[in-house]
>>> print(open('model_31.pdb').read())   # PDB, C-alpha atoms
ATOM      1  CA  MET A  64     -71.277  13.470 152.432
ATOM      2  CA  LEU A  65     -71.459  17.246 152.058
ATOM      3  CA  GLU A  66     -67.836  17.532 150.947
ATOM      4  CA  ASP A  67     -68.703  15.335 147.940
ATOM      5  CA  ARG A  68     -71.423  17.677 146.682
ATOM      6  CA  LYS A  69     -71.171  19.049 143.156
ATOM      7  CA  LYS A  70     -70.922  22.820 143.021
ATOM      8  CA  ILE A  71     -73.266  23.944 140.248
ATOM      9  CA  ILE A  72     -74.492  27.020 138.442
ATOM     10  CA  ILE A  73     -77.728  26.453 136.545
ATOM     11  CA  ASP A  74     -78.318  28.507 133.384
ATOM     12  CA  THR A  75     -81.982  28.041 132.537
ATOM     13  CA  ASP A  76     -84.748  29.314 130.261
ATOM     14  CA  ASN A  77     -87.428  28.319 132.759
ATOM     15  CA  GLY A  78     -91.011  29.387 132.207
ATOM     16  CA  ASP A  79     -91.439  27.730 128.805
ATOM     17  CA  ASP A  80     -91.053  23.924 128.906
ATOM     18  CA  ILE A  81     -91.596  22.572 132.416
ATOM     19  CA  ASP A  82     -88.422  20.451 132.512
ATOM     20  CA  ASP A  83     -86.296  23.454 133.546
ATOM     21  CA  LEU A  84     -88.363  23.960 136.677
ATOM     22  CA  ILE A  85     -88.329  20.237 137.459
ATOM     23  CA  ALA A  86     -84.530  20.256 137.158
ATOM     24  CA  LEU A  87     -84.352  23.117 139.654
ATOM     25  CA  TYR A  88     -86.568  21.173 142.054
ATOM     26  CA  PHE A  89     -84.282  18.160 141.742
ATOM     27  CA  ALA A  90     -81.233  20.277 142.541
ATOM     28  CA  LEU A  91     -82.939  21.848 145.555
ATOM     29  CA  SER A  92     -84.241  18.512 146.841
ATOM     30  CA  MET A  93     -80.799  16.877 146.844
ATOM     31  CA  PRO A  94     -78.591  19.066 149.077
ATOM     32  CA  GLU A  95     -76.433  16.031 149.767
ATOM     33  CA  LYS A  96     -75.588  15.916 146.036
ATOM     34  CA  PHE A  97     -75.641  19.541 144.873
ATOM     35  CA  GLU A  98     -74.417  22.853 146.198
ATOM     36  CA  ILE A  99     -76.145  25.494 144.091
ATOM     37  CA  ILE A 100     -73.766  28.434 143.718
ATOM     38  CA  GLY A 101     -76.332  30.430 141.758
ATOM     39  CA  VAL A 102     -78.996  30.425 139.062
ATOM     40  CA  VAL A 103     -78.908  32.413 135.822
ATOM     41  CA  CYS A 104     -82.112  32.878 133.832
ATOM     42  CA  SER A 105     -81.377  33.436 130.153
ATOM     43  CA  PHE A 106     -83.061  34.146 126.832
ATOM     44  CA  LEU A 107     -85.736  36.671 125.867
ATOM     45  CA  ASN A 108     -87.727  37.934 128.879
ATOM     46  CA  ALA A 109     -85.072  36.773 131.329
ATOM     47  CA  PRO A 110     -86.114  39.079 134.208
ATOM     48  CA  LEU A 111     -89.547  37.450 134.193
ATOM     49  CA  ARG A 112     -87.908  34.035 134.434
ATOM     50  CA  VAL A 113     -86.073  35.310 137.517
ATOM     51  CA  LYS A 114     -89.395  35.894 139.280
ATOM     52  CA  GLN A 115     -90.339  32.212 139.004
ATOM     53  CA  VAL A 116     -86.984  31.037 140.362
ATOM     54  CA  GLU A 117     -87.082  33.520 143.217
ATOM     55  CA  HIS A 118     -90.545  32.276 144.145
ATOM     56  CA  VAL A 119     -89.369  28.660 144.179
ATOM     57  CA  LEU A 120     -86.403  29.536 146.406
ATOM     58  CA  LYS A 121     -88.743  31.371 148.766
ATOM     59  CA  LEU A 122     -91.032  28.325 148.940
ATOM     60  CA  HIS A 123     -87.986  26.241 149.892
ATOM     61  CA  GLY A 124     -86.996  28.744 152.573
ATOM     62  CA  ILE A 125     -83.767  29.621 150.769
ATOM     63  CA  SER A 126     -82.384  33.146 150.720
ATOM     64  CA  ASN A 127     -78.669  32.632 150.060
ATOM     65  CA  ILE A 128     -78.720  31.480 146.421
ATOM     66  CA  PRO A 129     -78.276  34.424 144.031
ATOM     67  CA  VAL A 130     -80.429  34.622 140.900
ATOM     68  CA  TYR A 131     -79.383  36.663 137.872
ATOM     69  CA  ALA A 132     -80.993  37.711 134.615
ATOM     70  CA  GLY A 133     -78.718  36.569 131.815
ATOM     71  CA  CYS A 134     -78.580  37.596 128.160
ATOM     72  CA  ARG A 135     -81.931  38.048 126.436
ATOM     73  CA  LYS A 136     -81.132  38.645 122.788
ATOM     74  CA  PRO A 137     -79.284  35.855 120.949
ATOM     75  CA  ILE A 138     -76.029  36.575 119.176
ATOM     76  CA  ASN A 139     -77.553  34.925 116.107
ATOM     77  CA  GLY A 140     -80.546  32.589 116.095
ATOM     78  CA  ILE A 141     -83.096  31.513 113.528
ATOM     79  CA  HIS A 142     -86.371  31.562 115.480
ATOM     80  CA  GLY A 143     -88.669  34.542 115.849
ATOM     81  CA  GLN A 144     -87.862  36.469 119.021
ATOM     82  CA  ASN A 145     -90.095  38.319 121.490
ATOM     83  CA  GLU A 146     -88.112  39.781 124.362
ATOM     84  CA  LYS A 147     -91.332  40.764 126.158
ATOM     85  CA  GLU A 148     -92.917  37.317 125.954
ATOM     86  CA  ILE A 149     -95.123  36.306 128.890
ATOM     87  CA  TYR A 150     -94.495  32.642 129.647
ATOM     88  CA  CYS A 151     -97.207  30.066 130.184
ATOM     89  CA  GLN A 152     -95.878  29.384 133.695
ATOM     90  CA  TYR A 153     -96.088  33.045 134.710
ATOM     91  CA  PHE A 154     -98.723  33.916 137.307
ATOM     92  CA  ASP A 155     -99.667  37.403 138.468
ATOM     93  CA  PHE A 156     -98.778  36.604 142.078
ATOM     94  CA  LEU A 157     -95.119  36.291 141.042
ATOM     95  CA  GLY A 158     -95.001  40.062 140.648
ATOM     96  CA  LYS A 159     -93.494  42.360 138.056
ATOM     97  CA  ALA A 160     -90.001  41.779 136.734
ATOM     98  CA  ASN A 161     -87.173  44.264 137.176
ATOM     99  CA  ASP A 162     -85.713  45.571 133.936
ATOM    100  CA  VAL A 163     -82.078  44.707 134.620
ATOM    101  CA  GLY A 164     -79.029  44.131 132.448
ATOM    102  CA  TYR A 165     -76.888  41.033 132.212
ATOM    103  CA  ASP A 166     -73.431  42.316 133.175
ATOM    104  CA  ASP A 167     -73.923  41.115 136.747
ATOM    105  CA  ALA A 168     -74.716  37.623 135.454
ATOM    106  CA  LEU A 169     -71.572  37.520 133.311
ATOM    107  CA  ASN A 170     -69.378  38.744 136.151
ATOM    108  CA  PHE A 171     -70.937  36.240 138.551
ATOM    109  CA  ILE A 172     -70.295  33.328 136.176
ATOM    110  CA  ILE A 173     -66.711  34.380 135.496
ATOM    111  CA  ASP A 174     -65.904  35.071 139.159
ATOM    112  CA  SER A 175     -67.393  31.700 140.188
ATOM    113  CA  ALA A 176     -65.355  29.866 137.556
ATOM    114  CA  LYS A 177     -62.187  31.511 138.843
ATOM    115  CA  LYS A 178     -63.079  30.781 142.458
ATOM    116  CA  TYR A 179     -64.151  27.142 142.181
ATOM    117  CA  LYS A 180     -62.015  26.083 139.200
ATOM    118  CA  GLY A 181     -62.379  22.333 138.527
ATOM    119  CA  ASP A 182     -64.951  21.928 141.288
ATOM    120  CA  LEU A 183     -67.551  23.915 139.332
ATOM    121  CA  TYR A 184     -70.137  22.355 137.015
ATOM    122  CA  PHE A 185     -71.969  24.776 134.739
ATOM    123  CA  ILE A 186     -75.354  23.212 133.964
ATOM    124  CA  GLU A 187     -76.431  24.729 130.645
ATOM    125  CA  ILE A 188     -80.127  24.010 130.014
ATOM    126  CA  ALA A 189     -80.882  27.154 128.010
ATOM    127  CA  PRO A 190     -79.714  28.618 124.711
ATOM    128  CA  GLN A 191     -76.014  29.267 125.236
ATOM    129  CA  THR A 192     -75.995  33.056 124.784
ATOM    130  CA  THR A 193     -75.017  33.990 128.341
ATOM    131  CA  LEU A 194     -72.335  31.318 128.549
ATOM    132  CA  ALA A 195     -70.893  32.290 125.161
ATOM    133  CA  ASN A 196     -70.680  35.952 126.137
ATOM    134  CA  ALA A 197     -68.966  35.028 129.394
ATOM    135  CA  ILE A 198     -66.440  32.917 127.455
ATOM    136  CA  LEU A 199     -65.817  35.784 125.025
ATOM    137  CA  LYS A 200     -65.244  38.104 127.983
ATOM    138  CA  ASP A 201     -62.818  35.821 129.851
ATOM    139  CA  LYS A 202     -62.275  32.388 128.331
ATOM    140  CA  GLU A 203     -59.305  31.682 130.610
ATOM    141  CA  ALA A 204     -61.602  31.728 133.643
ATOM    142  CA  PHE A 205     -63.329  28.551 132.401
ATOM    143  CA  LYS A 206     -60.243  26.465 131.651
ATOM    144  CA  ASP A 207     -61.076  24.000 134.464
ATOM    145  CA  THR A 208     -64.878  24.347 134.552
ATOM    146  CA  HIS A 209     -67.057  21.374 133.580
ATOM    147  CA  ILE A 210     -69.773  22.548 131.171
ATOM    148  CA  VAL A 211     -72.703  20.118 130.877
ATOM    149  CA  MET A 212     -75.394  20.987 128.331
ATOM    150  CA  MET A 213     -78.790  19.798 127.246
ATOM    151  CA  ALA A 214     -78.091  20.602 123.617
ATOM    152  CA  GLY A 215     -77.681  19.084 120.200
ATOM    153  CA  CYS A 216     -78.761  15.775 118.700
ATOM    154  CA  PHE A 217     -76.031  13.417 117.534
ATOM    155  CA  GLN A 218     -77.623  10.105 116.605
ATOM    156  CA  GLU A 219     -80.587  11.516 114.672
ATOM    157  CA  ASP A 220     -81.035  14.133 111.958
ATOM    158  CA  TYR A 221     -82.708  16.746 114.148
ATOM    159  CA  ALA A 222     -82.117  20.493 114.595
ATOM    160  CA  GLU A 223     -82.279  20.887 118.377
ATOM    161  CA  TRP A 224     -84.013  23.921 119.914
ATOM    162  CA  ASN A 225     -81.304  25.238 122.257
ATOM    163  CA  ILE A 226     -78.770  25.166 119.419
ATOM    164  CA  GLU A 227     -81.049  26.854 116.896
ATOM    165  CA  CYS A 228     -82.165  29.590 119.296
ATOM    166  CA  ASP A 229     -78.596  30.886 119.188
ATOM    167  CA  TYR A 230     -76.450  28.826 116.850
ATOM    168  CA  LYS A 231     -73.648  31.410 116.927
ATOM    169  CA  ALA A 232     -73.407  31.174 120.724
ATOM    170  CA  SER A 233     -73.425  27.385 120.466
ATOM    171  CA  GLN A 234     -70.575  27.568 117.957
ATOM    172  CA  ILE A 235     -68.552  29.817 120.264
ATOM    173  CA  VAL A 236     -68.977  27.325 123.107
ATOM    174  CA  LEU A 237     -68.111  24.328 120.917
ATOM    175  CA  GLU A 238     -64.986  25.979 119.530
ATOM    176  CA  SER A 239     -63.801  27.175 122.952
ATOM    177  CA  GLY A 240     -61.820  24.007 123.578
ATOM    178  CA  LEU A 241     -63.236  23.781 127.102
ATOM    179  CA  ASP A 242     -64.473  20.665 128.908
ATOM    180  CA  LEU A 243     -67.853  20.105 127.226
ATOM    181  CA  THR A 244     -70.499  17.450 127.760
ATOM    182  CA  TYR A 245     -73.612  17.252 125.577
ATOM    183  CA  VAL A 246     -76.786  15.446 126.619
ATOM    184  CA  GLY A 247     -78.618  15.610 123.312
ATOM    185  CA  HIS A 248     -82.221  15.510 122.207
ATOM    186  CA  ASP A 249     -81.790  12.006 120.787
ATOM    187  CA  ILE A 250     -81.255  10.799 124.375
ATOM    188  CA  THR A 251     -83.546  13.144 126.305
ATOM    189  CA  ILE A 252     -86.559  12.552 124.040
ATOM    190  CA  GLN A 253     -86.594   9.017 125.413
ATOM    191  CA  THR A 254     -87.754  10.501 128.726
ATOM    192  CA  THR A 255     -91.132  11.526 127.301
ATOM    193  CA  LEU A 256     -93.664  10.683 129.999
ATOM    194  CA  ASN A 257     -96.154   8.736 127.907
ATOM    195  CA  ASP A 258     -96.994   6.673 130.991
ATOM    196  CA  PRO A 259     -99.708   8.590 132.908
ATOM    197  CA  ASN A 260     -98.693   6.793 136.091
ATOM    198  CA  ILE A 261     -95.345   8.606 135.949
ATOM    199  CA  GLU A 262     -96.559  11.935 134.564
ATOM    200  CA  LYS A 263     -99.243  12.186 137.263
ATOM    201  CA  TYR A 264     -96.537  12.904 139.847
ATOM    202  CA  PHE A 265     -96.161  16.357 138.306
ATOM    203  CA  LEU A 266     -99.841  17.037 137.552
ATOM    204  CA  GLN A 267    -101.706  15.959 140.674
ATOM    205  CA  SER A 268    -102.630  18.374 143.454
ATOM    206  CA  TYR A 269    -100.414  18.514 146.550
ATOM    207  CA  LYS A 270    -100.975  19.914 150.009
ATOM    208  CA  ASP A 271     -97.288  20.679 150.253
ATOM    209  CA  GLU A 272     -96.849  24.288 149.084
ATOM    210  CA  LYS A 273     -93.598  23.671 147.213
ATOM    211  CA  LEU A 274     -94.888  20.709 145.236
ATOM    212  CA  GLN A 275     -98.198  22.409 144.575
ATOM    213  CA  PHE A 276     -96.416  25.258 142.794
ATOM    214  CA  LEU A 277     -94.565  22.718 140.666
ATOM    215  CA  SER A 278     -97.868  21.036 139.859
ATOM    216  CA  LEU A 279     -99.510  24.399 139.070
ATOM    217  CA  SER A 280     -96.686  25.242 136.670
ATOM    218  CA  ALA A 281     -96.687  21.770 135.098
ATOM    219  CA  ASN A 282    -100.417  21.907 134.460
ATOM    220  CA  ALA A 283    -100.084  25.387 132.931
ATOM    221  CA  TRP A 284     -97.407  24.105 130.565
ATOM    222  CA  ARG A 285     -99.379  20.946 129.795
ATOM    223  CA  SER A 286    -102.446  22.995 128.860
ATOM    224  CA  ALA A 287    -100.449  25.420 126.729
ATOM    225  CA  SER A 288     -98.460  22.785 124.852
ATOM    226  CA  ASN A 289    -100.912  19.865 124.760
ATOM    227  CA  ARG A 290     -97.876  17.573 124.868
ATOM    228  CA  PRO A 291     -96.653  15.107 127.476
ATOM    229  CA  ILE A 292     -93.899  16.199 129.832
ATOM    230  CA  VAL A 293     -90.361  15.363 128.692
ATOM    231  CA  LEU A 294     -87.527  15.322 131.249
ATOM    232  CA  HIS A 295     -84.922  16.821 128.888
ATOM    233  CA  ASP A 296     -82.966  19.019 131.267
ATOM    234  CA  ILE A 297     -83.081  16.681 134.234
ATOM    235  CA  LEU A 298     -80.606  14.337 132.528
ATOM    236  CA  ALA A 299     -77.971  17.057 132.177
ATOM    237  CA  LEU A 300     -78.223  17.760 135.902
ATOM    238  CA  LEU A 301     -78.425  14.261 137.323
ATOM    239  CA  SER A 302     -75.802  12.781 135.009
ATOM    240  CA  ILE A 303     -73.037  14.628 136.856
ATOM    241  CA  THR A 304     -73.822  12.891 140.135
ATOM    242  CA  ASP A 305     -74.961   9.417 139.032
ATOM    243  CA  SER A 306     -72.740   7.613 136.548
ATOM    244  CA  LYS A 307     -75.388   4.901 136.100
ATOM    245  CA  LEU A 308     -77.943   7.280 134.617
ATOM    246  CA  CYS A 309     -76.352   7.963 131.232
ATOM    247  CA  LYS A 310     -73.638   6.398 129.122
ATOM    248  CA  PHE A 311     -71.159   8.722 127.444
ATOM    249  CA  LYS A 312     -68.450   8.559 124.830
ATOM    250  CA  LYS A 313     -65.792  11.043 123.830
ATOM    251  CA  ALA A 314     -66.144  12.041 120.204
ATOM    252  CA  ASN A 315     -65.147  14.592 117.592
ATOM    253  CA  ILE A 316     -68.154  16.705 116.650
ATOM    254  CA  SER A 317     -69.084  19.692 114.516
ATOM    255  CA  PHE A 318     -72.031  21.816 113.388
ATOM    256  CA  VAL A 319     -73.574  21.407 109.957
ATOM    257  CA  GLU A 320     -75.863  23.971 108.333
ATOM    258  CA  LYS A 321     -78.502  22.517 106.041
ATOM    259  CA  ASP A 322     -81.509  24.303 104.542
ATOM    260  CA  GLY A 323     -81.225  27.100 107.079
ATOM    261  CA  HIS A 324     -81.089  24.806 110.126
ATOM    262  CA  TYR A 325     -78.188  23.787 112.337
ATOM    263  CA  TYR A 326     -77.309  20.216 113.240
ATOM    264  CA  THR A 327     -74.759  18.662 115.570
ATOM    265  CA  VAL A 328     -72.979  15.662 114.079
ATOM    266  CA  PHE A 329     -70.179  13.222 114.774
ATOM    267  CA  ASP A 330     -67.255  14.267 112.600
ATOM    268  CA  ASN A 331     -63.928  12.423 112.693
ATOM    269  CA  ASP A 332     -62.315  15.268 110.760
ATOM    270  CA  SER A 333     -63.268  17.847 113.386
ATOM    271  CA  CYS A 334     -60.739  19.058 115.953
ATOM    272  CA  PHE A 335     -63.482  19.737 118.496
ATOM    273  CA  VAL A 336     -63.913  16.970 121.082
ATOM    274  CA  ALA A 337     -66.680  16.588 123.671
ATOM    275  CA  ASN A 338     -68.358  13.991 125.860
ATOM    276  CA  ILE A 339     -71.598  12.848 124.214
ATOM    277  CA  ALA A 340     -74.461  11.021 125.922
ATOM    278  CA  THR A 341     -75.327   7.801 124.095
ATOM    279  CA  ASP A 342     -77.918   6.092 126.308
ATOM    280  CA  VAL A 343     -80.159   6.622 129.345
ATOM    281  CA  ASN A 344     -81.305   4.355 132.173
ATOM    282  CA  LEU A 345     -85.029   5.149 132.214
ATOM    283  CA  PRO A 346     -86.025   2.967 135.210
ATOM    284  CA  LEU A 347     -83.377   4.723 137.302
ATOM    285  CA  LEU A 348     -84.599   8.131 136.152
ATOM    286  CA  TYR A 349     -88.176   7.270 137.077
ATOM    287  CA  ASP A 350     -86.959   6.193 140.504
ATOM    288  CA  TYR A 351     -85.551   9.691 140.899
ATOM    289  CA  VAL A 352     -88.938  11.161 139.967
ATOM    290  CA  LYS A 353     -90.749   9.080 142.552
ATOM    291  CA  LYS A 354     -88.172   9.930 145.199
ATOM    292  CA  LEU A 355     -88.548  13.644 144.500
ATOM    293  CA  MET A 356     -92.309  13.555 144.877
ATOM    294  CA  LYS A 357     -92.764  10.824 147.482
ATOM    295  CA  GLY A 358     -93.818  11.255 151.070
ATOM    296  CA  GLU A 359     -96.189  14.157 150.463
ATOM    297  CA  THR A 360     -99.931  13.937 150.920
ATOM    298  CA  TYR A 361    -101.920  14.935 147.881
ATOM    299  CA  GLU A 362    -105.443  15.107 146.530
ATOM    300  CA  GLU A 363    -106.180  13.515 143.195
ATOM    301  CA  ASN A 364    -107.478  15.872 140.482
TER     302      ASN A 364
END
>>> encode(input="model_31.pdb", output="C-alpha cells")
Amino acid sequence: MLEDRKKIIIDTDNGDDIDDLIALYFALSMPEKFEIIGVVCSFLNAPLRVKQVEHVLKLHGISNIPVYAGCRKPINGIHGQNEKEIYCQYFDFLGKANDVGYDDALNFIIDSAKKYKGDLYFIEIAPQTTLANAILKDKEAFKDTHIVMMAGCFQEDYAEWNIECDYKASQIVLESGLDLTYVGHDITIQTTLNDPNIEKYFLQSYKDEKLQFLSLSANAWRSASNRPIVLHDILALLSITDSKLCKFKKANISFVEKDGHYYTVFDNDSCFVANIATDVNLPLLYDYVKKLMKGETYEEN
C-alpha cells in the first residue's frame, strides 16, 4: 500500500561502480515500496553525476524528483582526488554539467529531515562528506532520521572504500549519536555476480529504452574495471523494506587507524552503537534482480 512506502533520499557517487545506478533503478521500479524524496550526487565531479541521474529520471518519465550536486571535496580522505574526473559511465549525449555549489543539497537534506522526521530514510551509498556537512550544520534536524549506509567492514580486516575516501566525514557521522545502520563490505562482497546467468541481466541488450541505458552503463563499467558486477549498494536500499534480505545486530563499534588506513571494528569499549549487517539472503536478492529485469524483450549480445 502506498501509505507504507519508505520515504528515501539517496546520496550516491554514481558513475563509477555500476551498483549505484542499479540501486537507483531498483528504487524507481518499486513505487509501492519507495517514495524518493530526492537524489544527491556526491564526491568529486558531482555535477557530472547529476547528469546521469537526470537522464535516468527522464527515461522513466519522472520530473518531480529533485537532484542535487553534493559535496565534491572530502573533509579528509586518503585517496588521490580528481574533482574533474570523467566517469566511465559518462556519455556525450548526457550533456555538459553545470558548475554548481552544494549549499542547496545541504539545505534540501536538512529541510527534508525536519519535514519527514522518523519517516525519512537517508540511503548513504557514497562517501559521507555531504551527510557529515549537513550534520555539522544542523545535527538536531536528523535526530529521528534513519541513516542506512553501505560502508565499513566489520567481520574482516578490510579498509572499505567509502570510509577511506573521507574518513573524517565517516567519523563525524559515527560520533553523531544518530540512528545508524551499516551494511558493510564483508556482507556486500558476497553479492559478487560470478554467475554469468545472473550478471547477464545487466549486460544484455534490451529494446526497452530504460533498461538499455542501464545495460549500456553496466557494459561501460565492466569494460573499464574488468571485474564482475557486485551489488554492494543494493543491499543498503532493499534492506529497509525487506527484513528477510539481511540479518542485523546492534553493536558497539569504532574506527581504527593502522598503517595509514581506516578500519571499522566491533569494540565493546566504544560508546558508539549502530545496527550492523551480519548476513545476506542471496537467493532472495537474485529474485529481486530477476524481477527488476523481467518482462522486457531483449536481444542477446
>>> closest_residue(input="model_31.pdb", among="A:Val102, A:Val352, A:Leu122, A:Cys151", to="Arg285 of chain A", atoms="all atoms listed in the file")
A:Cys151
>>> residues_around(input="model_31.pdb", residues="Glu272 of chain A", least_positions_apart="6", cutoff="10 Å", atoms="only C-alpha atoms", output="list in words")
Val119, Leu122, His123 and Ser278 of chain A
>>> write_last_selection(input="model_31.pdb", atoms="C-alpha atoms", output="PDB file, in the coordinates of the input")
ATOM      1  CA  VAL A 119     -89.369  28.660 144.179  1.00  0.00           C
ATOM      2  CA  LEU A 122     -91.032  28.325 148.940  1.00  0.00           C
ATOM      3  CA  HIS A 123     -87.986  26.241 149.892  1.00  0.00           C
ATOM      4  CA  SER A 278     -97.868  21.036 139.859  1.00  0.00           C
TER       5      SER A 278
END
>>> closest_residue(input="model_31.pdb", among="A:Tyr349, A:Phe318, A:Tyr245, A:Phe329", to="Glu262 of chain A", atoms="only C-alpha atoms")
A:Tyr349
>>> resolve_selection(input="model_31.pdb", expression="the PyMOL selection byres ((chain A and resi 254-260) around 12)", output="number ranges by chain")
A: 82, 247-253, 261-267, 285, 290-298, 308-309, 342-349, 352-353
>>> closest_residue(input="model_31.pdb", among="A:Thr75, A:Asn289, A:Gln234, A:Gln115", to="Val103 of chain A", atoms="all atoms listed in the file")
A:Thr75
>>> residues_around(input="model_31.pdb", residues="Ala283 of chain A", least_positions_apart="3", cutoff="6 Å", atoms="only C-alpha atoms", output="list in words")
Gln152, Ser280 and Ser286 of chain A
>>> atom_distance(input="model_31.pdb", atom1="atom CA of Ala214 of chain A", atom2="atom CA of Val246 of chain A")
6.1 Å
>>> closest_atom_pairs(input="model_31.pdb", of="segment 257-346 of chain A", to="segment 223-232 of chain A", cutoff="10 Å", atoms="all atoms listed in the file", output="CSV")
residue,atom,partner,partner_atom,distance
A:Phe318,CA,A:Tyr230,CA,9.0
A:Glu320,CA,A:Tyr230,CA,9.8
A:Gly323,CA,A:Glu227,CA,9.8
A:His324,CA,A:Glu227,CA,7.1
A:Tyr325,CA,A:Glu227,CA,6.2
A:Tyr326,CA,A:Glu223,CA,7.2
A:Thr327,CA,A:Glu223,CA,8.3
>>> atom_distance(input="model_31.pdb", atom1="atom CA of Thr192 of chain A", atom2="atom CA of Ala168 of chain A")
11.7 Å
>>> residues_around(input="model_31.pdb", residues="segment 235-243 of chain A", least_positions_apart="2", cutoff="6 Å", atoms="all atoms listed in the file", output="compact mmCIF listing (two decimals) with C-alpha atoms, in the frame of the given file")
# COMPACT_ATOMS: atom_id res chain seq x y z
CA ALA A 195 -70.89 32.29 125.16
CA HIS A 209 -67.06 21.37 133.58
CA ILE A 210 -69.77 22.55 131.17
CA ALA A 232 -73.41 31.17 120.72
CA SER A 233 -73.42 27.38 120.47
CA ALA A 337 -66.68 16.59 123.67
